[in-house]
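Shown here: start.txt, compact mmCIF, C-alpha atoms.
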# COMPACT_ATOMS: atom_id res chain seq x y z
CA ILE A 1 30.99 29.76 43.98
CA THR A 2 28.73 32.21 45.84
CA SER A 3 26.70 32.84 42.65
CA LEU A 4 26.30 29.11 42.02
CA GLN A 5 25.18 28.53 45.61
CA GLU A 6 22.60 31.32 45.27
CA ILE A 7 21.21 29.70 42.10
CA ILE A 8 21.07 26.25 43.75
CA THR A 9 19.30 27.65 46.80
CA HIS A 10 16.83 29.49 44.56
CA CYS A 11 16.07 26.33 42.51
CA VAL A 12 15.73 24.04 45.54
CA GLU A 13 13.20 26.39 47.16
CA ARG A 14 10.87 26.21 44.14
CA LYS A 15 7.99 23.74 44.49
CA GLN A 16 7.86 22.97 40.77
CA PRO A 17 10.17 23.49 37.78
CA GLU A 18 9.80 26.85 36.04
CA LEU A 19 10.42 27.65 32.39
CA THR A 20 13.10 30.13 31.40
CA PRO A 21 13.58 31.58 27.88
CA SER A 22 16.35 29.05 27.15
CA ASP A 23 13.84 26.19 27.64
CA VAL A 24 11.50 27.27 24.82
CA MET A 25 12.03 27.48 21.07
CA LEU A 26 10.33 30.85 20.60
CA LYS A 27 12.94 33.56 20.09
CA PRO A 28 13.25 36.31 21.20
CA VAL A 29 11.25 36.01 24.43
CA THR A 30 11.99 37.61 27.81
CA LEU A 31 11.49 36.00 31.20
CA ALA A 32 8.67 38.46 31.97
CA GLU A 33 6.86 37.62 28.70
CA LEU A 34 7.24 33.90 29.34
CA ASP A 35 5.89 34.27 32.90
CA GLN A 36 2.92 36.16 31.43
CA LEU A 37 2.24 33.28 29.00
CA VAL A 38 2.57 30.68 31.80
CA GLU A 39 0.07 32.68 33.86
CA ARG A 40 -2.33 33.03 30.91
CA THR A 41 -2.41 29.26 30.30
CA ARG A 42 -2.16 28.04 33.91
CA ASP A 43 -5.80 26.85 34.03
CA ILE A 44 -5.21 24.65 30.96
CA GLY A 45 -2.02 22.94 32.10
CA GLU A 46 1.71 23.18 32.72
CA LEU A 47 3.62 24.73 29.84
CA GLU A 48 6.43 22.70 28.26
CA ASN A 49 7.36 24.64 25.11
CA VAL A 50 6.32 27.59 22.94
CA TYR A 51 7.01 28.00 19.25
CA ALA A 52 5.90 29.71 16.07
CA LEU A 53 3.20 28.42 13.70
CA THR A 54 3.82 27.02 10.24
CA PRO A 55 2.43 29.12 7.34
CA MET A 56 -0.53 26.74 6.88
CA GLN A 57 -1.29 26.74 10.63
CA LYS A 58 -1.35 30.56 10.56
CA GLY A 59 -3.80 30.47 7.66
CA MET A 60 -6.09 27.98 9.42
CA LEU A 61 -5.96 29.95 12.68
CA PHE A 62 -6.82 33.12 10.76
CA HIS A 63 -9.88 31.48 9.14
CA SER A 64 -11.09 29.99 12.42
CA LEU A 65 -10.84 33.39 14.16
CA MET A 66 -12.49 35.16 11.25
CA ASP A 67 -15.46 32.78 11.09
CA ALA A 68 -15.67 30.31 13.97
CA GLU A 69 -19.04 28.95 12.73
CA SER A 70 -17.92 28.00 9.21
CA GLY A 71 -16.68 24.47 9.98
CA ALA A 72 -13.62 24.99 7.75
CA TYR A 73 -10.76 22.63 8.66
CA PHE A 74 -12.90 20.54 11.00
CA GLU A 75 -12.14 16.88 10.26
CA GLN A 76 -14.29 13.95 11.27
CA THR A 77 -13.69 10.25 10.61
CA THR A 78 -16.47 7.77 11.41
CA PHE A 79 -16.49 3.97 11.30
CA ASP A 80 -18.23 0.86 12.65
CA LEU A 81 -16.37 -1.64 14.82
CA HIS A 82 -17.78 -5.13 15.35
CA GLY A 83 -16.29 -7.59 17.83
CA ARG A 84 -14.67 -7.70 21.28
CA PHE A 85 -13.46 -4.27 22.28
CA GLN A 86 -12.27 -2.61 25.52
CA ALA A 87 -12.98 1.14 25.48
CA ASP A 88 -11.00 1.92 28.68
CA ILE A 89 -7.79 0.42 27.21
CA PHE A 90 -8.43 2.37 24.02
CA GLN A 91 -8.67 5.63 26.01
CA ASP A 92 -5.27 4.87 27.61
CA SER A 93 -3.83 4.25 24.12
CA LEU A 94 -5.04 7.67 22.97
CA ASN A 95 -3.42 9.38 25.95
CA GLN A 96 -0.14 7.56 25.31
CA LEU A 97 -0.29 8.93 21.76
CA ALA A 98 -0.64 12.46 23.17
CA GLN A 99 2.38 11.93 25.43
CA ARG A 100 4.49 10.70 22.49
CA HIS A 101 3.58 13.45 20.01
CA GLU A 102 3.75 17.02 21.27
CA ILE A 103 1.33 18.33 18.62
CA PHE A 104 -1.59 16.63 20.45
CA ARG A 105 -0.74 18.67 23.56
CA ALA A 106 -0.85 21.95 21.64
CA ASN A 107 -3.08 24.99 21.76
CA PHE A 108 -2.90 28.09 19.60
CA ILE A 109 -2.86 31.56 21.08
CA SER A 110 -3.36 34.69 19.03
CA GLY A 111 -2.99 38.30 20.10
CA TRP A 112 0.25 37.65 21.93
CA GLN A 113 3.11 40.06 21.01
CA ASP A 114 1.55 40.56 17.51
CA GLU A 115 2.30 36.98 16.43
CA PRO A 116 0.27 33.85 17.16
CA VAL A 117 2.14 31.07 19.02
CA GLN A 118 1.58 27.38 19.64
CA VAL A 119 1.95 26.37 23.25
CA ILE A 120 2.76 22.78 24.18
CA PHE A 121 1.66 21.45 27.57
CA ARG A 122 3.47 18.73 29.54
CA HIS A 123 0.23 16.76 29.83
CA LYS A 124 -2.97 17.06 27.84
CA GLU A 125 -5.46 14.26 27.36
CA VAL A 126 -7.25 13.48 24.12
CA GLY A 127 -10.98 14.28 24.38
CA PHE A 128 -12.88 11.04 25.04
CA ARG A 129 -16.42 9.92 25.74
CA CYS A 130 -18.13 6.57 25.64
CA GLU A 131 -21.92 6.14 25.57
CA ASP A 132 -24.05 2.99 25.76
CA LEU A 133 -27.05 3.18 23.39
CA ARG A 134 -28.18 -0.44 23.74
CA HIS A 135 -31.38 0.60 25.56
CA LEU A 136 -32.66 2.41 22.42
CA ASP A 137 -34.49 0.76 19.54
CA ASP A 138 -32.95 0.82 16.03
CA GLN A 139 -34.76 3.95 14.88
CA GLU A 140 -33.97 5.92 18.05
CA ARG A 141 -30.34 4.80 17.88
CA ASP A 142 -29.91 5.92 14.27
CA ALA A 143 -31.49 9.28 15.06
CA TYR A 144 -29.26 9.69 18.13
CA VAL A 145 -26.07 8.87 16.18
CA GLN A 146 -26.94 11.32 13.36
CA GLU A 147 -27.72 14.09 15.85
CA PHE A 148 -24.50 13.32 17.76
CA ILE A 149 -22.42 13.70 14.56
CA ARG A 150 -24.16 16.98 13.74
CA GLN A 151 -23.63 18.40 17.25
CA ASP A 152 -20.01 17.27 17.34
CA LYS A 153 -19.33 19.20 14.12
CA ALA A 154 -21.33 22.22 15.31
CA ALA A 155 -19.29 22.31 18.55
CA GLY A 156 -16.06 22.64 16.56
CA PHE A 157 -12.91 23.48 18.55
CA ASP A 158 -11.71 26.41 20.61
CA LEU A 159 -8.11 26.39 19.37
CA SER A 160 -6.89 28.33 22.40
CA ARG A 161 -7.94 25.76 25.06
CA ASP A 162 -9.73 22.60 23.87
CA ALA A 163 -8.18 19.18 23.31
CA LEU A 164 -7.92 19.48 19.50
CA MET A 165 -8.57 15.79 18.92
CA ARG A 166 -11.48 13.89 20.45
CA VAL A 167 -12.93 10.42 20.11
CA ALA A 168 -16.47 9.35 20.94
CA ILE A 169 -17.45 5.66 21.04
CA LEU A 170 -21.17 4.96 20.82
CA ARG A 171 -22.02 1.39 21.79
CA THR A 172 -24.90 0.28 19.58
CA GLY A 173 -24.98 -3.46 20.39
CA ASP A 174 -23.25 -6.11 22.54
CA GLU A 175 -20.39 -6.28 20.05
CA ASP A 176 -21.15 -3.19 17.94
CA TYR A 177 -19.54 0.23 18.33
CA TYR A 178 -19.72 3.41 16.28
CA PHE A 179 -16.67 5.70 16.33
CA VAL A 180 -16.72 9.47 15.81
CA TRP A 181 -13.07 10.63 15.66
CA SER A 182 -12.74 14.39 15.24
CA SER A 183 -9.78 16.75 15.08
CA HIS A 184 -8.83 20.17 13.78
CA HIS A 185 -6.74 20.18 10.60
CA ILE A 186 -4.30 22.63 12.30
CA LEU A 187 -2.83 19.59 14.16
CA MET A 188 -1.99 17.29 11.27
CA ASP A 189 -2.45 16.55 7.58
CA GLY A 190 -4.04 13.53 5.90
CA TRP A 191 -0.70 11.70 5.69
CA CYS A 192 -0.70 11.52 9.51
CA VAL A 193 -4.13 9.89 9.87
CA ALA A 194 -2.76 6.42 9.06
CA LEU A 195 0.34 6.98 11.27
CA VAL A 196 -1.86 8.00 14.20
CA THR A 197 -4.52 5.28 13.90
CA ASP A 198 -1.82 2.59 13.38
CA GLU A 199 -0.01 3.75 16.50
CA VAL A 200 -3.11 3.94 18.71
CA PHE A 201 -4.24 0.45 17.72
CA GLU A 202 -0.71 -0.99 18.15
CA VAL A 203 -0.63 0.38 21.74
CA TYR A 204 -4.18 -1.00 22.27
CA PHE A 205 -3.28 -4.51 20.98
CA ALA A 206 -0.06 -4.53 23.05
CA ALA A 207 -2.04 -3.73 26.23
CA VAL A 208 -4.66 -6.39 25.48
CA GLU A 209 -1.93 -8.99 24.83
CA HIS A 210 0.20 -7.88 27.82
CA ARG A 211 3.26 -7.15 25.69
CA GLU A 212 5.47 -4.14 24.89
CA SER A 213 4.20 -2.04 22.00
CA LYS A 214 6.39 -1.87 18.88
CA LEU A 215 6.63 1.82 17.99
CA ALA A 216 9.13 3.80 15.93
CA PRO A 217 11.13 6.50 17.78
CA VAL A 218 9.48 9.93 17.67
CA THR A 219 11.02 12.89 15.85
CA PRO A 220 9.41 15.93 17.48
CA TYR A 221 7.44 18.36 15.30
CA SER A 222 9.51 21.22 16.75
CA GLN A 223 12.43 20.03 14.55
CA TYR A 224 10.37 20.89 11.48
CA ILE A 225 9.58 24.35 12.92
CA GLU A 226 13.33 24.91 13.45
CA TRP A 227 14.02 23.82 9.86
CA LEU A 228 11.33 26.22 8.57
CA GLU A 229 12.80 29.14 10.48
CA ALA A 230 16.19 28.54 8.85
CA GLN A 231 14.82 28.86 5.28
CA ASP A 232 15.84 31.76 3.00
CA VAL A 233 12.65 33.83 2.86
CA GLU A 234 14.12 36.48 0.55
CA ALA A 235 15.03 33.93 -2.11
CA ALA A 236 11.52 32.44 -1.86
CA ALA A 237 9.87 35.87 -2.15
CA SER A 238 11.83 36.74 -5.27
CA TYR A 239 11.10 33.31 -6.82
CA TRP A 240 7.32 33.70 -6.40
CA LYS A 241 7.37 37.34 -7.51
CA GLU A 242 9.10 36.28 -10.73
CA TYR A 243 6.78 33.25 -11.12
CA LEU A 244 3.65 35.45 -11.06
CA LEU A 245 5.12 38.40 -12.98
CA ASP A 246 2.68 39.96 -15.50
CA TYR A 247 -0.24 37.85 -14.29
CA ASP A 248 -2.89 40.58 -14.31
CA GLN A 249 -6.23 38.78 -14.24
CA GLN A 250 -8.28 36.37 -12.14
CA THR A 251 -8.98 32.74 -12.92
CA SER A 252 -12.47 31.81 -11.86
CA ILE A 253 -14.90 28.92 -12.12
CA PRO A 254 -18.20 29.82 -13.80
CA THR A 255 -20.88 29.82 -11.09
CA GLY A 256 -24.58 29.13 -11.46
CA LYS A 257 -27.27 31.66 -10.68
CA VAL A 258 -28.33 31.34 -7.06
CA GLY A 259 -32.12 31.21 -6.75
CA ALA A 260 -32.27 32.10 -3.07
CA LYS A 261 -29.12 33.20 -1.26
CA ALA A 262 -28.57 30.79 1.62
CA ASP A 263 -27.01 31.76 4.91
CA GLY A 264 -23.59 30.25 5.53
CA GLU A 265 -22.26 27.42 3.41
CA GLN A 266 -23.68 24.20 2.10
CA PHE A 267 -21.07 21.81 0.75
CA GLU A 268 -21.94 19.11 -1.77
CA HIS A 269 -19.80 16.93 -4.03
CA VAL A 270 -19.80 15.11 -7.35
CA LEU A 271 -17.62 12.00 -7.68
CA CYS A 272 -16.17 11.14 -11.09
CA ASP A 273 -14.68 7.70 -11.60
CA LEU A 274 -12.27 7.83 -14.55
CA GLY A 275 -12.17 4.02 -14.81
CA LYS A 276 -9.13 1.78 -15.26
CA ASP A 277 -8.75 2.28 -19.04
CA LEU A 278 -8.58 6.07 -18.96
CA THR A 279 -6.38 6.00 -15.84
CA GLY A 280 -4.04 3.57 -17.62
CA LEU A 281 -3.84 5.81 -20.70
CA MET A 282 -3.04 8.85 -18.54
CA GLU A 283 -0.27 6.96 -16.78
CA MET A 284 1.12 5.82 -20.13
CA VAL A 285 1.26 9.40 -21.47
CA ALA A 286 2.86 10.63 -18.24
CA LYS A 287 5.56 7.93 -18.46
CA GLN A 288 6.16 8.63 -22.15
CA TYR A 289 6.95 12.30 -21.46
CA HIS A 290 8.67 11.73 -18.07
CA VAL A 291 6.15 13.73 -16.07
CA THR A 292 3.98 12.84 -13.08
CA THR A 293 0.25 12.14 -13.37
CA ASN A 294 -0.14 15.13 -11.06
CA THR A 295 1.52 17.45 -13.65
CA LEU A 296 -0.56 15.91 -16.44
CA LEU A 297 -3.83 16.59 -14.60
CA GLN A 298 -2.84 20.07 -13.44
CA THR A 299 -1.95 21.01 -17.04
CA ALA A 300 -5.26 19.65 -18.39
CA TRP A 301 -7.14 21.54 -15.68
CA GLY A 302 -5.18 24.73 -16.45
CA LEU A 303 -6.13 24.47 -20.16
CA LEU A 304 -9.79 23.97 -19.23
CA LEU A 305 -9.65 27.08 -17.03
CA GLN A 306 -8.07 29.01 -19.91
CA LYS A 307 -11.07 28.08 -22.10
CA TYR A 308 -13.54 29.14 -19.38
CA ASN A 309 -11.75 32.44 -18.81
CA GLY A 310 -10.97 33.30 -22.45
CA SER A 311 -7.26 33.55 -21.68
CA ASN A 312 -3.98 31.70 -22.21
CA ASP A 313 -2.87 32.15 -18.59
CA ALA A 314 -4.49 30.46 -15.57
CA VAL A 315 -3.60 30.31 -11.88
CA PHE A 316 -5.07 28.02 -9.20
CA GLY A 317 -3.91 26.55 -5.89
CA GLY A 318 -2.01 23.30 -5.58
CA VAL A 319 -1.57 21.56 -2.22
CA VAL A 320 1.96 20.22 -1.62
CA SER A 321 3.01 17.66 1.00
CA GLY A 322 5.76 19.95 2.35
CA ARG A 323 7.83 17.22 4.05
CA PRO A 324 11.52 18.10 3.51
CA ALA A 325 13.62 14.99 2.83
CA GLU A 326 16.64 16.43 4.70
CA ILE A 327 14.93 16.01 8.11
CA SER A 328 15.55 12.43 9.22
CA GLY A 329 12.39 10.63 10.32
CA ILE A 330 10.19 13.17 8.49
CA GLU A 331 7.96 10.46 6.95
CA ASN A 332 6.87 9.34 10.45
CA MET A 333 6.59 12.81 11.98
CA VAL A 334 3.11 13.83 13.14
CA GLY A 335 2.03 17.41 12.47
CA LEU A 336 0.86 19.76 9.72
CA PHE A 337 3.27 20.01 6.78
CA ILE A 338 1.08 20.72 3.76
CA ASN A 339 1.03 24.11 2.10
CA THR A 340 -0.94 25.70 -0.74
CA ILE A 341 1.08 27.30 -3.52
CA PRO A 342 0.02 28.92 -6.82
CA VAL A 343 0.16 26.78 -9.97
CA ARG A 344 0.38 28.81 -13.17
CA ILE A 345 -0.41 27.24 -16.54
CA ARG A 346 0.49 29.40 -19.56
CA SER A 347 0.19 28.41 -23.20
CA LYS A 348 1.00 29.85 -26.61
CA ALA A 349 -0.93 29.08 -29.80
CA GLU A 350 1.92 26.94 -31.20
CA ASP A 351 2.38 24.82 -28.03
CA THR A 352 1.54 21.13 -28.12
CA PHE A 353 0.19 19.42 -25.01
CA ALA A 354 3.51 17.53 -24.77
CA ASP A 355 5.42 20.86 -24.72
CA LEU A 356 3.18 22.15 -21.94
CA ILE A 357 3.41 19.15 -19.63
CA ARG A 358 7.21 19.05 -19.98
CA ALA A 359 7.49 22.77 -19.20
CA ASN A 360 5.13 22.45 -16.25
CA GLN A 361 7.09 19.49 -14.87
CA GLN A 362 10.28 21.62 -14.95
CA GLN A 363 8.44 24.46 -13.23
CA ALA A 364 7.05 22.14 -10.54
CA LEU A 365 10.58 20.89 -9.77
CA ALA A 366 11.85 24.49 -9.50
CA SER A 367 8.97 25.42 -7.15
CA GLN A 368 9.86 22.56 -4.77
CA ASP A 369 12.66 24.58 -3.16
CA TYR A 370 10.20 27.35 -2.24
CA GLU A 371 7.00 25.42 -1.51
CA THR A 372 7.02 26.14 2.25
CA TYR A 373 6.73 29.91 1.68
CA PRO A 374 3.42 31.22 3.10
CA LEU A 375 0.58 31.71 0.63
CA TYR A 376 -0.45 34.99 2.31
CA GLU A 377 3.08 36.34 1.64
CA ILE A 378 2.88 35.23 -2.01
CA GLN A 379 -0.55 36.88 -2.35
CA ALA A 380 0.82 40.11 -0.90
CA LEU A 381 3.32 40.25 -3.81
CA THR A 382 0.49 40.28 -6.40
CA GLU A 383 -2.12 42.80 -7.45
CA GLN A 384 -4.93 40.25 -6.85
CA LYS A 385 -3.96 39.85 -3.15
CA GLN A 386 -6.46 37.46 -1.43
CA GLU A 387 -8.26 36.91 -4.75
CA LEU A 388 -5.19 35.34 -6.40
CA ILE A 389 -6.45 31.78 -5.79
CA GLN A 390 -10.12 30.89 -5.85
CA HIS A 391 -9.95 27.11 -5.75
CA ILE A 392 -7.47 24.30 -5.12
CA ILE A 393 -6.43 20.86 -6.40
CA VAL A 394 -5.48 18.25 -3.80
CA PHE A 395 -3.81 14.92 -4.64
CA GLU A 396 -4.65 12.40 -1.93
CA ASN A 397 -2.02 9.68 -2.03
CA TYR A 398 -3.44 8.11 1.11
CA PRO A 399 -6.88 6.46 0.88
CA VAL A 400 -7.77 7.20 4.52
CA GLU A 401 -10.96 5.15 4.58
CA GLU A 402 -9.21 2.01 3.28
CA GLN A 403 -6.34 2.40 5.75
CA VAL A 404 -8.73 2.72 8.69
CA GLU A 405 -10.66 -0.40 7.66
CA GLN A 406 -7.40 -2.41 7.45
CA LEU A 407 -6.75 -1.78 11.17
CA GLY A 408 -9.16 -4.55 12.08
CA GLU A 409 -7.24 -7.10 9.99
CA GLY A 410 -4.50 -9.34 11.35
CA ALA A 411 -4.04 -12.06 13.95
CA ALA A 412 -4.12 -9.72 16.96
CA SER A 413 -7.56 -8.37 16.21
CA ASP A 414 -10.80 -9.50 17.82
CA PHE A 415 -12.84 -7.12 15.69
CA VAL A 416 -13.48 -5.84 12.17
CA ILE A 417 -13.80 -2.22 11.06
CA SER A 418 -16.16 -1.23 8.26
CA ASN A 419 -18.02 1.73 6.71
CA ALA A 420 -15.17 4.19 7.28
CA GLY A 421 -15.99 7.69 6.08
CA MET A 422 -14.29 11.06 6.40
CA ILE A 423 -15.49 14.64 6.10
CA GLU A 424 -13.31 17.69 5.84
CA GLN A 425 -13.82 21.17 4.47
CA THR A 426 -11.47 23.96 3.39
CA ASN A 427 -12.15 27.70 3.22
CA TYR A 428 -12.44 27.57 -0.61
CA ASP A 429 -15.81 27.36 -2.36
CA PHE A 430 -14.53 24.83 -4.88
CA ASN A 431 -12.01 21.98 -4.51
CA LEU A 432 -10.81 19.18 -6.75
CA VAL A 433 -9.72 16.17 -4.74
CA VAL A 434 -7.86 13.61 -6.85
CA MET A 435 -7.60 10.02 -5.59
CA PRO A 436 -4.95 8.33 -7.75
CA GLN A 437 -5.77 4.63 -7.59
CA GLU A 438 -5.91 1.94 -10.26
CA ALA A 439 -9.12 3.62 -11.38
CA MET A 440 -8.57 7.30 -10.58
CA LYS A 441 -11.39 9.21 -8.94
CA ILE A 442 -11.90 12.98 -8.83
CA ARG A 443 -14.19 14.47 -6.22
CA PHE A 444 -15.48 17.96 -7.05
CA GLU A 445 -16.43 19.59 -3.74
CA TYR A 446 -18.34 22.84 -3.95
CA ASN A 447 -20.33 25.31 -1.93
CA ALA A 448 -23.84 24.79 -3.29

Take the structure in the file and write it out as structure tokens.
Amino acid sequence: ITSLQEIITHCVERKQPELTPSDVMLKPVTLAELDQLVERTRDIGELENVYALTPMQKGMLFHSLMDAESGAYFEQTTFDLHGRFQADIFQDSLNQLAQRHEIFRANFISGWQDEPVQVIFRHKEVGFRCEDLRHLDDQERDAYVQEFIRQDKAAGFDLSRDALMRVAILRTGDEDYYFVWSSHHILMDGWCVALVTDEVFEVYFAAVEHRESKLAPVTPYSQYIEWLEAQDVEAAASYWKEYLLDYDQQTSIPTGKVGAKADGEQFEHVLCDLGKDLTGLMEMVAKQYHVTTNTLLQTAWGLLLQKYNGSNDAVFGGVVSGRPAEISGIENMVGLFINTIPVRIRSKAEDTFADLIRANQQQALASQDYETYPLYEIQALTEQKQELIQHIIVFENYPVEEQVEQLGEGAASDFVISNAGMIEQTNYDFNLVVMPQEAMKIRFEYNA
């Protein structure tokens, strides 16, 4: 009884609640270490939770610390909005989003007890600014908007303290607005963009119509971190070691001769539209052999790389969605789940293409159990180390631009959204982005 009374007296005397190690997910952490972290982040906000990073978050943090100027993993969506719009209500909607999803209240701290951590604050607002450009003429306005976009990208994000998502609304006419919506990829993957924009606009419409917003219950991202920490890392390590056994070369893309070496990076892209007929044929072949279009394309790409490299063994990176079905509510969870894993395509002289795609489909299914294992750990198991993967293939099953433009549709809306565009950049010099629609498109992004 005396001990309990001492604790009660101690708690009542405190002006504000204080975190103890049992309140945070990060284990092991002492009270002294936690106090140190609280002190270190006090000027940013009040700490709510601390936990580890996912493998992909660690990779992105590493690249942003190594080269803060590169612009890798900076994501920017832009679109025009025409109609009646209330920017102040929209700002409130963004902040409600941040209160619902802990990942938008996160910052990433490195150099703390040898491991980086993500710290979640009780309150953190989404970055927001609204500017009225109606006093400018058309030419001045266009120049201002272009310069704004450039500066926004150049500013990037300080992962240790900034709001890692920000929205700027530039008013270009009485009923015309231009949106610049930027975030760091460390917060969320492309799958989340539609979830997030849908939710923000639902809260906005509800406020305008003076009704309750209809939102699904939130499954916190920390549940995924807990799931990750329970995975069998030894089994994953031995799987990938076996998968890459005897791979003793490097698979590269032939590069052109550079006339004058430029400073930094300059990304350009080539868009290939495969058309409906070819897309239809590919889908027919995939169905016939019970494989996915993804496997079909990866195999074809692997064979092309074999030709370029004079070898019958090719390895490149494949991006996986990484959302484990056993976590309930995972499809609506907001955060970063994707991971990059090696894809190895081997062939023998007597193999038919049908043999190869079937074998690769089996291999892809086997890899699924180990696809959350960190790429840097897989690389460490190989003799190529960081040079194991020199480019990646990404399958985008979410046409972000189309989804954003659909937000303006529907009875509740007083506006239309058009000209949606998105830029993002990885740390690889060459990427294949596949957009599987009725007429499949492949975007080759490269460092020129």

Set the distance at 12 Å and use all atoms listed in the file: which residues neighbour region 316-318 of chain A once local chain neighbours fewer than 4 positions away are removed? I'd like the list as a tab-separated table (two decimals) with C-alpha atoms, in the frame of the given file.
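What landed in part21.tsv:
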chain	number	residue	atom	x	y	z
A	244	LEU	CA	3.65	35.45	-11.06
A	249	GLN	CA	-6.23	38.78	-14.24
A	250	GLN	CA	-8.28	36.37	-12.14
A	251	THR	CA	-8.98	32.74	-12.92
A	252	SER	CA	-12.47	31.81	-11.86
A	253	ILE	CA	-14.90	28.92	-12.12
A	294	ASN	CA	-0.14	15.13	-11.06
A	295	THR	CA	1.52	17.45	-13.65
A	297	LEU	CA	-3.83	16.59	-14.60
A	298	GLN	CA	-2.84	20.07	-13.44
A	299	THR	CA	-1.95	21.01	-17.04
A	301	TRP	CA	-7.14	21.54	-15.68
A	302	GLY	CA	-5.18	24.73	-16.45
A	303	LEU	CA	-6.13	24.47	-20.16
A	304	LEU	CA	-9.79	23.97	-19.23
A	305	LEU	CA	-9.65	27.08	-17.03
A	306	GLN	CA	-8.07	29.01	-19.91
A	322	GLY	CA	5.76	19.95	2.35
A	338	ILE	CA	1.08	20.72	3.76
A	339	ASN	CA	1.03	24.11	2.10
A	340	THR	CA	-0.94	25.70	-0.74
A	341	ILE	CA	1.08	27.30	-3.52
A	342	PRO	CA	0.02	28.92	-6.82
A	343	VAL	CA	0.16	26.78	-9.97
A	344	ARG	CA	0.38	28.81	-13.17
A	345	ILE	CA	-0.41	27.24	-16.54
A	346	ARG	CA	0.49	29.40	-19.56
A	364	ALA	CA	7.05	22.14	-10.54
A	367	SER	CA	8.97	25.42	-7.15
A	368	GLN	CA	9.86	22.56	-4.77
A	371	GLU	CA	7.00	25.42	-1.51
A	375	LEU	CA	0.58	31.71	0.63
A	378	ILE	CA	2.88	35.23	-2.01
A	379	GLN	CA	-0.55	36.88	-2.35
A	387	GLU	CA	-8.26	36.91	-4.75
A	388	LEU	CA	-5.19	35.34	-6.40
A	389	ILE	CA	-6.45	31.78	-5.79
A	390	GLN	CA	-10.12	30.89	-5.85
A	391	HIS	CA	-9.95	27.11	-5.75
A	392	ILE	CA	-7.47	24.30	-5.12
A	393	ILE	CA	-6.43	20.86	-6.40
A	394	VAL	CA	-5.48	18.25	-3.80
A	395	PHE	CA	-3.81	14.92	-4.64
A	396	GLU	CA	-4.65	12.40	-1.93
A	428	TYR	CA	-12.44	27.57	-0.61
A	430	PHE	CA	-14.53	24.83	-4.88
A	431	ASN	CA	-12.01	21.98	-4.51
A	432	LEU	CA	-10.81	19.18	-6.75
A	433	VAL	CA	-9.72	16.17	-4.74
A	434	VAL	CA	-7.86	13.61	-6.85

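Counting only C-alpha atoms, the residue from A:Thr54, A:Gln384, A:Thr30, A:Ser160 that sits nearest to Gly335 (chain A) is A:Thr54.
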
Figure out the distance between CA of Glu424 (chain A) and CA of Ala72 (chain A), please, to one decimal in Å. 7.6 Å

Surrounding residues of Glu18 (chain A) excluding itself and chain neighbours under 2 positions, 12 Å, all atoms listed in the file, as a PDB file with C-alpha atoms, in the coordinates of the input:
ATOM      1  CA  HIS A  10      16.830  29.490  44.560  1.00  0.00           C
ATOM      2  CA  CYS A  11      16.070  26.330  42.510  1.00  0.00           C
ATOM      3  CA  VAL A  12      15.730  24.040  45.540  1.00  0.00           C
ATOM      4  CA  GLU A  13      13.200  26.390  47.160  1.00  0.00           C
ATOM      5  CA  ARG A  14      10.870  26.210  44.140  1.00  0.00           C
ATOM      6  CA  LYS A  15       7.990  23.740  44.490  1.00  0.00           C
ATOM      7  CA  GLN A  16       7.860  22.970  40.770  1.00  0.00           C
ATOM      8  CA  THR A  20      13.100  30.130  31.400  1.00  0.00           C
ATOM      9  CA  PRO A  21      13.580  31.580  27.880  1.00  0.00           C
ATOM     10  CA  SER A  22      16.350  29.050  27.150  1.00  0.00           C
ATOM     11  CA  ASP A  23      13.840  26.190  27.640  1.00  0.00           C
ATOM     12  CA  VAL A  24      11.500  27.270  24.820  1.00  0.00           C
ATOM     13  CA  LEU A  31      11.490  36.000  31.200  1.00  0.00           C
ATOM     14  CA  LEU A  34       7.240  33.900  29.340  1.00  0.00           C
ATOM     15  CA  ASP A  35       5.890  34.270  32.900  1.00  0.00           C
ATOM     16  CA  VAL A  38       2.570  30.680  31.800  1.00  0.00           C
ATOM     17  CA  GLU A  39       0.070  32.680  33.860  1.00  0.00           C
ATOM     18  CA  GLU A  46       1.710  23.180  32.720  1.00  0.00           C
ATOM     19  CA  LEU A  47       3.620  24.730  29.840  1.00  0.00           C
ATOM     20  CA  GLU A  48       6.430  22.700  28.260  1.00  0.00           C
ATOM     21  CA  ASN A  49       7.360  24.640  25.110  1.00  0.00           C
TER      22      ASN A  49
END

If we count only C-alpha atoms, what is near region 275-290 of chain A at a cut-off of 12 Å, once residues fewer than 6 positions away on the same chain are taken out, given as a list in words?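 Here the qualifying residues turn out to be Leu296, Leu297, Thr299, Ala300, Phe353, Ala354, Asp355, Leu356, Ile357, Arg358, Ala359, Asn360, Gln361, Gln362, Val434, Met435, Pro436, Gln437, Glu438, Ala439, Met440, Lys441 and Ile442 of chain A.
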
List the spatial neighbours of region 173-190 of chain A as an MDAnalysis selection string - criterion: any atom at most 9 Å away, all atoms listed in the file, same-chain residues fewer than 6 positions off excluded. chainID A and resid 56:58 60:61 72:85 103:104 106 132:134 145 148:149 152:153 156:157 159 163:167 321 334:338 396 398 400 415 424

Quick one: everything within 9 Å of Glu69 (chain A), counting all atoms listed in the file, minus sequence neighbours fewer than 5 positions away in the same chain. Send it as JSON, numbers by chain. {"A": [64, 154, 155, 156, 264]}

Could you check which of A:Val270, A:Ala366, A:Met333, A:Ala235 is closest to Phe444 (chain A), using all atoms listed in the file?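 Among the listed residues, A:Val270 lies closest to Phe444 (chain A).
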
Go ahead and compute the interatomic distance for CA of Glu199 (chain A) and CA of Leu97 (chain A), in Å to one decimal.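 Here the two named atoms are 7.4 Å from each other.
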